[in-house]
$ cat structure-v1.txt   # compact mmCIF, C-alpha atoms
# COMPACT_ATOMS: atom_id res chain seq x y z
CA MET T 1 22.94 -22.49 13.08
CA ALA T 2 20.00 -20.50 11.75
CA TRP T 3 18.00 -21.25 14.92
CA THR T 4 20.91 -19.99 17.09
CA THR T 5 21.19 -16.77 15.10
CA LEU T 6 17.44 -16.16 15.33
CA ALA T 7 17.48 -16.66 19.11
CA MET T 8 20.34 -14.16 19.52
CA MET T 9 18.47 -11.58 17.47
CA ARG T 10 15.36 -12.00 19.61
CA ARG T 11 17.37 -11.51 22.82
CA LEU T 12 19.04 -8.41 21.35
CA LEU T 13 15.72 -6.87 20.32
CA VAL T 14 14.22 -7.54 23.72
CA ARG T 15 17.22 -5.99 25.50
CA GLU T 16 17.24 -2.97 23.17
CA GLY T 17 13.54 -2.57 23.64
CA PHE T 18 13.92 -2.51 27.40
CA LEU T 19 16.74 0.01 26.99
CA PHE T 20 14.58 2.18 24.76
CA ILE T 21 11.69 1.95 27.20
CA GLY T 22 14.10 2.83 30.04
CA LEU T 23 15.27 5.91 28.23
CA ILE T 24 11.69 6.97 27.58
CA THR T 25 10.88 6.45 31.25
CA ALA T 26 14.01 8.26 32.57
CA ALA T 27 13.58 11.36 30.41
CA PRO T 28 10.56 12.77 32.28
CA ALA T 29 12.24 11.99 35.62
CA LEU T 30 15.36 13.91 34.57
CA ALA T 31 13.32 16.85 33.36
CA GLN T 32 11.37 16.82 36.63
CA SER T 33 14.62 16.85 38.63
CA GLU T 34 15.97 19.79 36.63
CA GLY T 35 12.70 21.64 37.15
CA LYS T 36 12.98 21.13 40.90
CA ASP T 37 16.56 22.48 40.87
CA ASP T 38 15.44 25.58 38.96
CA LEU T 39 12.59 26.11 41.38
CA LEU T 40 14.90 25.80 44.39
CA ASP T 41 17.37 28.21 42.82
CA ARG T 42 14.63 30.76 42.16
CA GLN T 43 13.35 30.35 45.71
CA ARG T 44 16.87 30.83 47.10
CA ARG T 45 17.40 34.01 45.07
CA LEU T 46 14.02 35.34 46.19
CA LEU T 47 14.94 34.78 49.85
CA GLU T 48 18.25 36.59 49.33
CA VAL T 49 16.48 39.61 47.84
CA GLN T 50 13.92 39.63 50.65
CA SER T 51 16.62 39.37 53.34
CA GLN T 52 18.55 42.26 51.73
CA LYS T 53 15.39 44.35 51.84
CA VAL T 54 14.88 43.51 55.51
CA GLU T 55 18.49 44.54 56.26
CA ALA T 56 17.95 47.85 54.42
CA ASP T 57 14.71 48.47 56.35
CA VAL T 58 16.54 47.82 59.62
CA ARG T 59 19.27 50.33 58.77
CA THR T 60 16.69 52.95 57.83
CA ALA T 61 14.65 52.38 60.99
CA LEU T 62 17.76 52.58 63.21
CA ARG T 63 18.74 55.92 61.66
CA GLU T 64 15.22 57.31 61.99
CA ALA T 65 14.95 56.18 65.61
CA THR T 66 18.29 57.80 66.43
CA ASN T 67 17.26 61.10 64.83
CA LEU T 68 13.98 61.37 66.75
CA ALA T 69 14.13 64.02 69.47
CA ASP T 70 11.52 62.33 71.66
CA PRO T 71 12.93 59.20 73.38
CA GLY T 72 9.39 57.81 73.71
CA GLN T 73 8.81 57.92 69.95
CA SER T 74 12.24 56.42 69.37
CA VAL T 75 11.49 53.49 71.69
CA GLU T 76 8.12 52.97 70.01
CA LYS T 77 9.76 52.79 66.59
CA LEU T 78 12.42 50.38 67.84
CA ARG T 79 9.83 48.10 69.43
CA ALA T 80 7.90 48.02 66.16
CA LEU T 81 11.13 47.08 64.39
CA GLN T 82 11.80 44.33 66.94
CA SER T 83 8.31 42.91 66.47
CA LYS T 84 8.76 42.94 62.69
CA LEU T 85 12.06 41.08 62.98
CA GLU T 86 10.62 38.48 65.34
CA ASP T 87 7.99 37.64 62.72
CA ASP T 88 10.49 37.61 59.84
CA THR T 89 11.15 34.32 58.05
CA THR T 90 13.71 35.40 55.45
CA LEU T 91 16.79 36.02 57.62
CA THR T 92 18.99 33.25 58.94
CA ALA T 93 18.46 32.36 62.59
CA LYS T 94 21.90 33.69 63.57
CA ARG T 95 21.48 37.01 61.76
CA LYS T 96 17.97 37.43 63.14
CA GLU T 97 19.23 36.84 66.68
CA THR T 98 22.04 39.41 66.20
CA LEU T 99 19.71 42.13 64.91
CA ILE T 100 17.15 41.57 67.66
CA ARG T 101 19.89 41.74 70.29
CA VAL T 102 21.19 45.03 68.82
CA ILE T 103 17.67 46.53 68.79
CA LYS T 104 17.00 45.47 72.38
CA ASP T 105 20.19 47.23 73.43
CA ARG T 106 19.08 50.36 71.53
CA ILE T 107 15.74 50.25 73.37
CA ARG T 108 17.47 49.90 76.74
CA VAL T 109 19.89 52.78 76.11
CA THR T 110 17.13 55.04 74.73
CA GLU T 111 14.92 54.39 77.77
CA LEU T 112 17.82 55.27 80.07
CA ALA T 113 18.39 58.51 78.16
CA GLY T 114 14.67 59.34 78.44
CA ARG T 115 14.69 58.86 82.21
CA ALA T 116 17.82 61.02 82.47
CA GLU T 117 16.09 63.79 80.52
CA GLU T 118 13.09 63.63 82.85
CA LYS T 119 15.37 64.19 85.83
CA THR T 120 17.13 67.03 84.02
CA ASP T 121 13.79 68.73 83.28
CA GLN T 122 13.00 69.11 87.00
CA PRO T 123 13.21 72.73 88.25
CA GLU T 124 16.58 73.74 89.59
CA THR T 125 17.02 75.12 93.06
CA ARG T 126 18.54 78.56 93.48
CA LYS T 127 21.75 77.02 94.71
CA GLN T 128 21.98 74.75 91.68
CA GLN T 129 21.31 77.67 89.35
CA GLY T 130 24.01 79.72 91.06
CA ASN T 131 26.53 76.89 90.82
CA ARG T 132 25.71 76.35 87.16
CA LYS T 133 26.13 80.03 86.31
CA SER T 134 29.40 80.16 88.24
CA THR T 135 30.71 77.12 86.33
CA GLU T 136 29.64 78.62 83.00
CA LYS T 137 31.39 81.88 83.85
CA GLU T 138 34.64 80.06 84.64
CA GLU T 139 34.44 78.01 81.42
CA ILE T 140 33.79 81.14 79.35
CA GLN T 141 36.74 82.93 80.94
CA GLN T 142 39.06 79.97 80.31
CA SER T 143 37.93 79.83 76.68
CA LEU T 144 38.49 83.58 76.26
CA ASP T 145 42.01 83.23 77.66
CA THR T 146 42.67 80.42 75.17
CA VAL T 147 41.42 82.56 72.27
CA ARG T 148 43.65 85.47 73.33
CA ALA T 149 46.68 83.18 73.64
CA LEU T 150 46.10 81.77 70.16
CA ARG T 151 45.78 85.26 68.68
CA LYS T 152 48.96 86.31 70.43
CA ASP T 153 50.80 83.36 68.88
CA GLY T 154 49.51 84.33 65.45
CA LYS T 155 47.20 81.30 65.17
CA MET T 156 44.25 83.31 63.91
CA GLU T 157 42.39 80.42 62.31
CA GLU T 158 42.51 78.33 65.50
CA ALA T 159 41.49 81.34 67.56
CA ASN T 160 38.49 81.96 65.32
CA ARG T 161 37.50 78.28 65.50
CA SER T 162 37.71 78.28 69.31
CA ALA T 163 35.67 81.48 69.48
CA LYS T 164 32.97 79.96 67.25
CA GLU T 165 32.82 76.84 69.44
CA LEU T 166 32.45 79.05 72.51
CA LEU T 167 29.62 80.99 70.85
CA GLN T 168 27.83 77.76 69.90
CA LYS T 169 28.04 76.53 73.48
CA TYR T 170 27.01 79.87 75.04
CA PRO T 171 25.05 81.76 72.36
CA ASP T 172 23.52 84.18 74.89
CA SER T 173 26.84 85.24 76.42
CA PRO T 174 27.87 88.80 75.43
CA ALA T 175 31.53 87.92 76.06
CA ALA T 176 31.32 84.93 73.71
CA GLN T 177 29.63 87.05 71.04
CA THR T 178 32.31 89.73 71.29
CA ALA T 179 35.11 87.17 71.19
CA ALA T 180 33.65 85.56 68.07
CA ARG T 181 33.39 88.91 66.26
CA THR T 182 36.91 89.94 67.28
CA ALA T 183 38.45 86.61 66.29
CA ALA T 184 36.69 86.65 62.93
CA ALA T 185 37.92 90.18 62.24
CA ALA T 186 41.49 89.25 63.25
CA GLU T 187 41.45 86.20 60.97
CA THR T 188 40.18 88.32 58.08
CA LEU T 189 42.93 90.86 58.67
CA ALA T 190 45.55 88.10 58.79
CA SER T 191 44.19 86.69 55.54
CA LEU T 192 44.48 90.10 53.90
CA HIS T 193 48.10 90.36 55.05
CA GLY T 194 48.75 86.91 53.64
CA LEU T 195 47.20 87.87 50.34
CA ARG T 196 49.33 90.98 50.19
CA ASN T 197 52.51 89.02 50.85
CA ASP T 198 51.51 86.45 48.28
CA ARG T 199 50.82 89.18 45.75
CA GLU T 200 54.23 90.71 46.35
CA GLN T 201 55.91 87.33 45.83
CA ARG T 202 54.01 86.76 42.63
CA LEU T 203 54.94 90.19 41.28
CA SER T 204 58.59 89.16 41.34
CA SER T 205 57.91 86.58 38.64
CA VAL T 206 55.58 88.66 36.47
CA SER T 207 58.28 90.06 34.22
CA ARG T 208 59.22 86.68 32.78
CA ASP T 209 55.61 86.06 31.76
CA ILE T 210 55.00 89.38 30.01
CA ASP T 211 56.31 88.32 26.61
CA ARG T 212 54.45 85.05 26.73
CA SER T 213 51.17 86.70 27.79
CA SER T 214 51.41 89.23 24.97
CA THR T 215 51.39 86.43 22.39
CA PRO T 216 47.83 85.46 21.40
CA PRO T 217 47.04 81.79 22.13
CA SER T 218 46.51 79.43 19.24
CA SER T 219 43.37 77.93 20.82
CA ASP T 220 40.88 78.47 23.64
CA VAL T 221 43.04 76.51 26.09
CA GLU T 222 46.81 76.57 25.86
CA PHE T 223 48.85 74.04 27.82
CA PRO T 224 52.61 74.16 28.41
CA LYS T 225 54.64 72.22 25.85
CA ASP T 226 55.83 69.75 28.49
CA PHE T 227 52.39 69.34 30.13
CA ARG T 228 51.94 65.70 29.07
CA GLU T 229 55.45 64.76 30.17
CA ARG T 230 55.10 66.48 33.53
CA THR T 231 51.72 64.98 34.41
CA LYS T 232 52.19 61.41 33.19
CA ASN T 233 53.48 60.17 36.57
CA ARG T 234 50.87 61.79 38.78
CA GLY T 235 48.08 59.22 38.51
CA SER T 236 47.55 56.80 41.37
CA SER T 237 49.26 53.45 40.87
CA HIS T 238 46.81 51.90 43.33
CA PRO T 239 43.29 52.72 42.08
CA LEU T 240 40.45 52.16 44.52
CA THR T 241 38.16 49.22 44.05
CA ALA T 242 34.40 49.64 44.29
CA LYS T 243 34.46 47.86 47.66
CA GLU T 244 37.15 50.20 49.05
CA LYS T 245 35.17 53.22 47.91
CA ALA T 246 32.11 51.84 49.68
CA ILE T 247 34.10 51.30 52.91
CA LEU T 248 35.52 54.84 52.86
CA LYS T 249 32.06 56.29 52.21
CA ALA T 250 30.64 54.27 55.11
CA LEU T 251 33.38 55.44 57.48
CA ASP T 252 32.70 59.06 56.47
CA THR T 253 28.99 58.74 57.33
CA PRO T 254 27.98 61.13 60.15
CA ILE T 255 26.48 59.44 63.18
CA THR T 256 24.73 60.51 66.38
CA VAL T 257 24.36 57.74 68.94
CA SER T 258 24.90 56.86 72.59
CA PHE T 259 25.81 53.58 74.30
CA LYS T 260 25.42 52.95 78.02
CA ASP T 261 27.03 49.74 79.33
CA SER T 262 26.31 48.10 75.97
CA ARG T 263 28.02 44.82 75.09
CA PHE T 264 31.13 45.27 72.95
CA GLN T 265 29.76 42.85 70.37
CA ASP T 266 26.43 44.73 70.23
CA VAL T 267 28.25 47.99 69.49
CA MET T 268 30.25 46.39 66.68
CA ASP T 269 27.12 44.70 65.28
CA TYR T 270 25.24 48.01 65.40
CA LEU T 271 27.96 49.86 63.46
CA SER T 272 28.25 47.00 61.01
CA THR T 273 24.50 46.97 60.40
CA LEU T 274 24.23 50.75 60.13
CA THR T 275 27.07 51.05 57.61
CA ASN T 276 26.29 47.79 55.76
CA GLN T 277 29.96 46.84 56.09
CA PRO T 278 31.27 43.70 57.86
CA ILE T 279 33.57 44.32 60.83
CA LEU T 280 35.94 41.42 61.51
CA LEU T 281 37.27 40.95 65.06
CA ASP T 282 40.75 39.59 65.80
CA ASN T 283 40.02 37.26 68.72
CA THR T 284 43.73 37.05 69.63
CA ALA T 285 43.94 40.84 69.91
CA LEU T 286 40.78 40.89 72.04
CA GLU T 287 42.22 38.28 74.39
CA GLU T 288 45.51 40.19 74.72
CA ALA T 289 43.56 43.36 75.58
CA LYS T 290 41.40 41.34 78.03
CA ILE T 291 38.30 42.24 76.03
CA THR T 292 35.35 39.90 75.61
CA TYR T 293 32.13 40.21 73.66
CA GLU T 294 30.44 41.04 76.98
CA THR T 295 32.76 43.98 77.86
CA PRO T 296 30.56 47.06 78.55
CA VAL T 297 30.92 50.12 76.30
CA THR T 298 29.75 53.61 77.24
CA VAL T 299 30.09 56.45 74.77
CA LYS T 300 28.01 59.31 73.37
CA VAL T 301 28.71 61.19 70.15
CA LYS T 302 26.83 63.71 68.03
CA GLY T 303 27.38 64.38 64.35
CA VAL T 304 30.81 62.73 64.10
CA ALA T 305 32.06 60.40 61.37
CA VAL T 306 31.71 56.67 61.92
CA ARG T 307 35.51 56.34 61.80
CA THR T 308 35.80 58.79 64.72
CA LEU T 309 33.35 56.79 66.84
CA LEU T 310 35.01 53.49 65.91
CA ARG T 311 38.44 54.83 66.89
CA LYS T 312 37.07 56.17 70.16
CA VAL T 313 35.45 52.87 71.15
CA LEU T 314 38.44 50.75 70.13
CA GLY T 315 41.07 53.20 71.43
CA ASP T 316 39.62 53.03 74.96
CA PHE T 317 40.55 49.33 75.00
CA GLY T 318 43.94 49.61 73.29
CA LEU T 319 42.51 48.41 69.98
CA ALA T 320 42.40 49.88 66.49
CA TYR T 321 41.03 49.05 63.07
CA VAL T 322 42.64 48.67 59.66
CA ILE T 323 41.26 48.31 56.15
CA LYS T 324 42.76 45.10 54.88
CA GLU T 325 41.68 42.79 52.08
CA GLN T 326 38.78 45.17 51.42
CA THR T 327 37.26 44.73 54.89
CA ILE T 328 37.29 46.59 58.22
CA GLN T 329 39.35 44.52 60.67
CA VAL T 330 39.63 45.19 64.41
CA THR T 331 43.04 44.37 65.87
CA SER T 332 45.52 45.61 68.48
CA ALA T 333 46.99 49.11 68.22
CA LEU T 334 50.46 47.56 67.85
CA LYS T 335 49.43 45.38 64.92
CA ALA T 336 47.67 48.36 63.33
CA ARG T 337 50.92 50.35 63.47
CA GLU T 338 52.82 47.40 62.02
CA THR T 339 50.47 47.29 59.03
CA MET T 340 51.37 50.82 57.93
CA ILE T 341 52.30 51.07 54.25
CA THR T 342 54.90 53.26 52.53
CA ARG T 343 54.08 54.62 49.07
CA THR T 344 55.42 57.41 46.85
CA TYR T 345 53.35 60.04 45.05
CA ASN T 346 54.85 62.08 42.24
CA ILE T 347 53.97 65.78 42.55
CA GLY T 348 56.61 67.20 40.21
CA ASP T 349 54.09 68.86 37.91
CA VAL T 350 52.42 70.56 40.90
CA VAL T 351 55.43 71.97 42.75
CA ASP T 352 57.85 72.58 39.86
CA THR T 353 55.98 75.50 38.32
CA GLY T 354 58.94 76.73 36.33
CA GLY T 355 60.44 73.43 35.22
CA LEU T 356 63.76 71.93 36.30
CA ASP T 357 65.58 73.72 33.49
CA SER T 358 64.68 77.07 35.03
CA ILE T 359 66.49 76.00 38.19
CA ARG T 360 69.63 75.14 36.24
CA PHE T 361 69.63 78.05 33.81
CA GLY T 362 67.37 80.65 35.42
CA ASN T 363 67.40 81.93 38.99
CA PRO T 364 67.90 78.76 41.05
CA GLY T 365 67.43 80.50 44.39
CA ILE T 366 63.98 81.83 43.59
CA GLN T 367 62.83 78.60 41.94
CA ALA T 368 64.09 76.39 44.78
CA ALA T 369 62.36 78.61 47.33
CA GLN T 370 59.13 78.43 45.33
CA ILE T 371 59.31 74.62 45.18
CA VAL T 372 59.93 74.37 48.94
CA GLN T 373 56.98 76.67 49.54
CA ASN T 374 54.71 74.58 47.29
CA VAL T 375 55.83 71.30 48.90
CA ASN T 376 55.21 72.62 52.42
CA ALA T 377 51.77 73.84 51.37
CA ILE T 378 50.84 70.41 49.96
CA ILE T 379 52.14 68.58 53.04
CA ASP T 380 50.23 70.93 55.31
CA LEU T 381 47.08 70.45 53.24
CA ILE T 382 47.36 66.65 53.52
CA GLN T 383 48.03 66.65 57.26
CA THR T 384 45.09 68.96 57.99
CA SER T 385 42.50 67.50 55.64
CA VAL T 386 43.26 63.78 55.19
CA ASP T 387 42.52 62.01 58.47
CA PRO T 388 44.49 64.60 60.56
CA GLU T 389 44.67 62.44 63.71
CA THR T 390 46.86 59.84 61.99
CA TRP T 391 49.84 62.14 61.28
CA LYS T 392 52.84 62.41 63.58
CA LYS T 393 52.59 66.19 63.94
CA ASN T 394 49.04 65.69 65.26
CA GLY T 395 49.88 62.83 67.65
CA GLY T 396 49.63 59.90 65.22
CA ASN T 397 52.28 57.77 63.52
CA GLY T 398 51.99 58.78 59.84
CA THR T 399 54.89 60.59 58.17
CA ILE T 400 55.47 62.55 54.94
CA VAL T 401 58.90 63.23 53.44
CA PHE T 402 59.64 65.04 50.18
CA HIS T 403 62.23 63.41 47.92
CA PRO T 404 63.64 66.14 45.65
CA GLY T 405 65.43 63.71 43.35
CA THR T 406 62.16 62.19 42.12
CA MET T 407 59.95 65.18 43.02
CA SER T 408 57.79 62.79 45.05
CA LEU T 409 56.20 62.57 48.46
CA VAL T 410 57.17 59.46 50.44
CA ILE T 411 54.19 58.75 52.68
CA ARG T 412 53.95 56.14 55.41
CA ASN T 413 50.48 55.62 56.84
CA SER T 414 47.61 53.17 56.96
CA ALA T 415 45.99 51.62 53.91
CA GLU T 416 42.91 53.71 54.68
CA VAL T 417 44.82 56.97 54.36
CA HIS T 418 46.52 55.80 51.17
CA SER T 419 43.09 54.98 49.80
CA MET T 420 41.99 58.55 50.50
CA LEU T 421 45.09 59.98 48.87
CA GLY T 422 44.83 57.74 45.84
CA GLY T 423 41.11 58.46 45.56
CA GLY T 424 41.38 62.18 45.11
CA LEU T 425 43.94 64.56 46.59
CA LEU T 426 47.08 63.24 44.89
CA ARG T 427 45.39 61.77 41.87
$ encode --input "structure-v1.txt" --output "structure tokens"
Amino acid sequence: MAWTTLAMMRRLLVREGFLFIGLITAAPALAQSEGKDDLLDRQRRLLEVQSQKVEADVRTALREATNLADPGQSVEKLRALQSKLEDDTTLTAKRKETLIRVIKDRIRVTELAGRAEEKTDQPETRKQQGNRKSTEKEEIQQSLDTVRALRKDGKMEEANRSAKELLQKYPDSPAAQTAARTAAAAETLASLHGLRNDREQRLSSVSRDIDRSSTPPSSDVEFPKDFRERTKNRGSSHPLTAKEKAILKALDTPITVSFKDSRFQDVMDYLSTLTNQPILLDNTALEEAKITYETPVTVKVKGVAVRTLLRKVLGDFGLAYVIKEQTIQVTSALKARETMITRTYNIGDVVDTGGLDSIRFGNPGIQAAQIVQNVNAIIDLIQTSVDPETWKKNGGNGTIVFHPGTMSLVIRNSAEVHSMLGGGLLR
């Protein structure tokens, strides 16, 4: 019995010893494996940082090349950028291929523009000069007739804008200079008349404020007693995320660029790279519009917002874009209209200057007229300053209706427009 017990103890010690030795042997291997994982993770993060820097350098170089007046210098800069990308080892193969393809297209279009300028710089014949002057004279006369018609209709601001555009196009034309001065003077006079009418309307309500103004304020700033109650509903119920703010800022970026028979995909990749925002394509919508990645695009813009260029390119093919799920998505114009959103914005504290009680117990006619005037002014401000092309009165599909019961604007438009409204104007 004793011999059996002793044998079992020996076997146990041997097994435990092997186990102990195994643990001692496995520990360094485990530590080595963890060290390799940490090293790989650091290497991966380093590559990500390097690739982000390359992307930023590409965006900067594209902007600089576009802003160069000399096409030869622009091509030289683009070729240097292409060579740098070809030697790069941080980007993925697919991304590298996309950027090189975009840059090659930029080189091609810039070289075409340079050759066109060389032809334009050749001396004109007398006949060509005469035809050009005759055409300019006709265009100036048509523009002058438009300015006069606008002034006759009382649209002084539009008349002044048209006159300024005419002067910018033909700065040496005496007729354009005279039209610009006349339109500016007429707009100033109309503004003075408007100020006088506004002053007369305001005088009608001065008497009710005399007693209140004669009482010294209790502090440096004195708010109405119901200020907190009247403004509590005005804040946006849909605050912008950091990503949405970045998208809106990117779409507002001014851009000067030209495309000549460029591939549709190259144009989208260029805009995506320049703005650092992904642009997702709805392949079903492209197929319905008979558009492929190879479809040629020709367009030239100067100093317009990216959103204007994007709408121009897509609109020519019956497409549109929407901001959905915090990304720019290209789809059909029909689907874009179907994705319009209806939201309400409380503006009671802005338009109801006298309070609802003053309508019931004061002079309801004057107060109601003042509210209607304030509402119309706000609606006009929105439709002329917040993406004007999207509103129905300007040819779009967006609508604004005032709901007097809740003192709110009921607005139906795209998520992009609602983002603009919630980000500032009605906040």
$ residues_around --input "structure-v1.txt" --residues "region 57-70 of chain T" --least-positions-apart "2" --cutoff "8 Å" --atoms "all atoms listed in the file" --output "VMD selection string"
chain T and resid 53 to 55 72 to 75 77 to 78 81 256 to 257 273 to 275
$ closest_residue --input "structure-v1.txt" --among "T:Val351, T:Val386, T:Leu319, T:Ile411" --to "Ala369 (chain T)" --atoms "all atoms listed in the file"
T:Val351
$ atom_distance --input "structure-v1.txt" --atom1 "CA of Asp349 (chain T)" --atom2 "CA of Asn374 (chain T)"
11.0 Å
$ closest_residue --input "structure-v1.txt" --among "T:Asp172, T:Glu325, T:Glu338, T:Glu48" --to "Asn397 (chain T)" --atoms "all atoms listed in the file"
T:Glu338
$ closest_residue --input "structure-v1.txt" --among "T:His418, T:Lys312, T:Arg79, T:Arg115" --to "Ile100 (chain T)" --atoms "all atoms listed in the file"
T:Arg79
$ build_atoms --input "structure-v1.txt" --residues "region 325-348 of chain T" --atoms "N, CA and C atoms" --output "PDB file, in the coordinates of the input"
ATOM      1  N   GLU T 325      42.396  43.747  52.935  1.00  0.00           N
ATOM      2  CA  GLU T 325      41.680  42.790  52.080  1.00  0.00           C
ATOM      3  C   GLU T 325      40.231  43.229  51.877  1.00  0.00           C
ATOM      4  N   GLN T 326      40.065  44.555  51.728  1.00  0.00           N
ATOM      5  CA  GLN T 326      38.780  45.170  51.420  1.00  0.00           C
ATOM      6  C   GLN T 326      37.729  44.933  52.502  1.00  0.00           C
ATOM      7  N   THR T 327      38.177  44.842  53.757  1.00  0.00           N
ATOM      8  CA  THR T 327      37.260  44.730  54.890  1.00  0.00           C
ATOM      9  C   THR T 327      37.793  45.569  56.044  1.00  0.00           C
ATOM     10  N   ILE T 328      36.903  45.902  56.996  1.00  0.00           N
ATOM     11  CA  ILE T 328      37.290  46.590  58.220  1.00  0.00           C
ATOM     12  C   ILE T 328      37.651  45.521  59.248  1.00  0.00           C
ATOM     13  N   GLN T 329      38.890  45.544  59.743  1.00  0.00           N
ATOM     14  CA  GLN T 329      39.350  44.520  60.670  1.00  0.00           C
ATOM     15  C   GLN T 329      39.805  45.169  61.971  1.00  0.00           C
ATOM     16  N   VAL T 330      39.268  44.689  63.080  1.00  0.00           N
ATOM     17  CA  VAL T 330      39.630  45.190  64.410  1.00  0.00           C
ATOM     18  C   VAL T 330      40.791  44.368  64.937  1.00  0.00           C
ATOM     19  N   THR T 331      41.848  45.058  65.372  1.00  0.00           N
ATOM     20  CA  THR T 331      43.040  44.370  65.870  1.00  0.00           C
ATOM     21  C   THR T 331      43.669  45.236  66.968  1.00  0.00           C
ATOM     22  N   SER T 332      44.838  44.836  67.443  1.00  0.00           N
ATOM     23  CA  SER T 332      45.520  45.610  68.480  1.00  0.00           C
ATOM     24  C   SER T 332      46.156  46.858  67.863  1.00  0.00           C
ATOM     25  N   ALA T 333      46.377  47.869  68.708  1.00  0.00           N
ATOM     26  CA  ALA T 333      46.990  49.110  68.220  1.00  0.00           C
ATOM     27  C   ALA T 333      48.392  48.833  67.674  1.00  0.00           C
ATOM     28  N   LEU T 334      49.112  47.895  68.308  1.00  0.00           N
ATOM     29  CA  LEU T 334      50.460  47.560  67.850  1.00  0.00           C
ATOM     30  C   LEU T 334      50.424  46.946  66.457  1.00  0.00           C
ATOM     31  N   LYS T 335      49.522  45.998  66.242  1.00  0.00           N
ATOM     32  CA  LYS T 335      49.430  45.380  64.920  1.00  0.00           C
ATOM     33  C   LYS T 335      48.983  46.389  63.863  1.00  0.00           C
ATOM     34  N   ALA T 336      48.125  47.333  64.272  1.00  0.00           N
ATOM     35  CA  ALA T 336      47.670  48.360  63.330  1.00  0.00           C
ATOM     36  C   ALA T 336      48.844  49.219  62.879  1.00  0.00           C
ATOM     37  N   ARG T 337      49.733  49.546  63.835  1.00  0.00           N
ATOM     38  CA  ARG T 337      50.920  50.350  63.470  1.00  0.00           C
ATOM     39  C   ARG T 337      51.855  49.546  62.562  1.00  0.00           C
ATOM     40  N   GLU T 338      51.936  48.242  62.823  1.00  0.00           N
ATOM     41  CA  GLU T 338      52.820  47.400  62.020  1.00  0.00           C
ATOM     42  C   GLU T 338      52.314  47.224  60.590  1.00  0.00           C
ATOM     43  N   THR T 339      51.034  47.461  60.370  1.00  0.00           N
ATOM     44  CA  THR T 339      50.470  47.290  59.030  1.00  0.00           C
ATOM     45  C   THR T 339      50.519  48.577  58.213  1.00  0.00           C
ATOM     46  N   MET T 340      51.236  49.581  58.687  1.00  0.00           N
ATOM     47  CA  MET T 340      51.370  50.820  57.930  1.00  0.00           C
ATOM     48  C   MET T 340      52.132  50.555  56.630  1.00  0.00           C
ATOM     49  N   ILE T 341      51.763  51.288  55.593  1.00  0.00           N
ATOM     50  CA  ILE T 341      52.300  51.070  54.250  1.00  0.00           C
ATOM     51  C   ILE T 341      53.036  52.331  53.791  1.00  0.00           C
ATOM     52  N   THR T 342      54.142  52.136  53.090  1.00  0.00           N
ATOM     53  CA  THR T 342      54.900  53.260  52.530  1.00  0.00           C
ATOM     54  C   THR T 342      54.699  53.286  51.013  1.00  0.00           C
ATOM     55  N   ARG T 343      54.272  54.439  50.507  1.00  0.00           N
ATOM     56  CA  ARG T 343      54.080  54.620  49.070  1.00  0.00           C
ATOM     57  C   ARG T 343      54.610  55.997  48.658  1.00  0.00           C
ATOM     58  N   THR T 344      54.927  56.132  47.373  1.00  0.00           N
ATOM     59  CA  THR T 344      55.420  57.410  46.850  1.00  0.00           C
ATOM     60  C   THR T 344      54.386  57.997  45.894  1.00  0.00           C
ATOM     61  N   TYR T 345      54.284  59.317  45.908  1.00  0.00           N
ATOM     62  CA  TYR T 345      53.350  60.040  45.050  1.00  0.00           C
ATOM     63  C   TYR T 345      54.112  61.149  44.337  1.00  0.00           C
ATOM     64  N   ASN T 346      54.146  61.079  43.024  1.00  0.00           N
ATOM     65  CA  ASN T 346      54.850  62.080  42.240  1.00  0.00           C
ATOM     66  C   ASN T 346      54.038  63.371  42.178  1.00  0.00           C
ATOM     67  N   ILE T 347      54.649  64.469  42.575  1.00  0.00           N
ATOM     68  CA  ILE T 347      53.970  65.780  42.550  1.00  0.00           C
ATOM     69  C   ILE T 347      54.818  66.792  41.782  1.00  0.00           C
ATOM     70  N   GLY T 348      55.706  66.307  40.923  1.00  0.00           N
ATOM     71  CA  GLY T 348      56.610  67.200  40.210  1.00  0.00           C
ATOM     72  C   GLY T 348      55.888  68.257  39.405  1.00  0.00           C
TER      73      GLY T 348
END
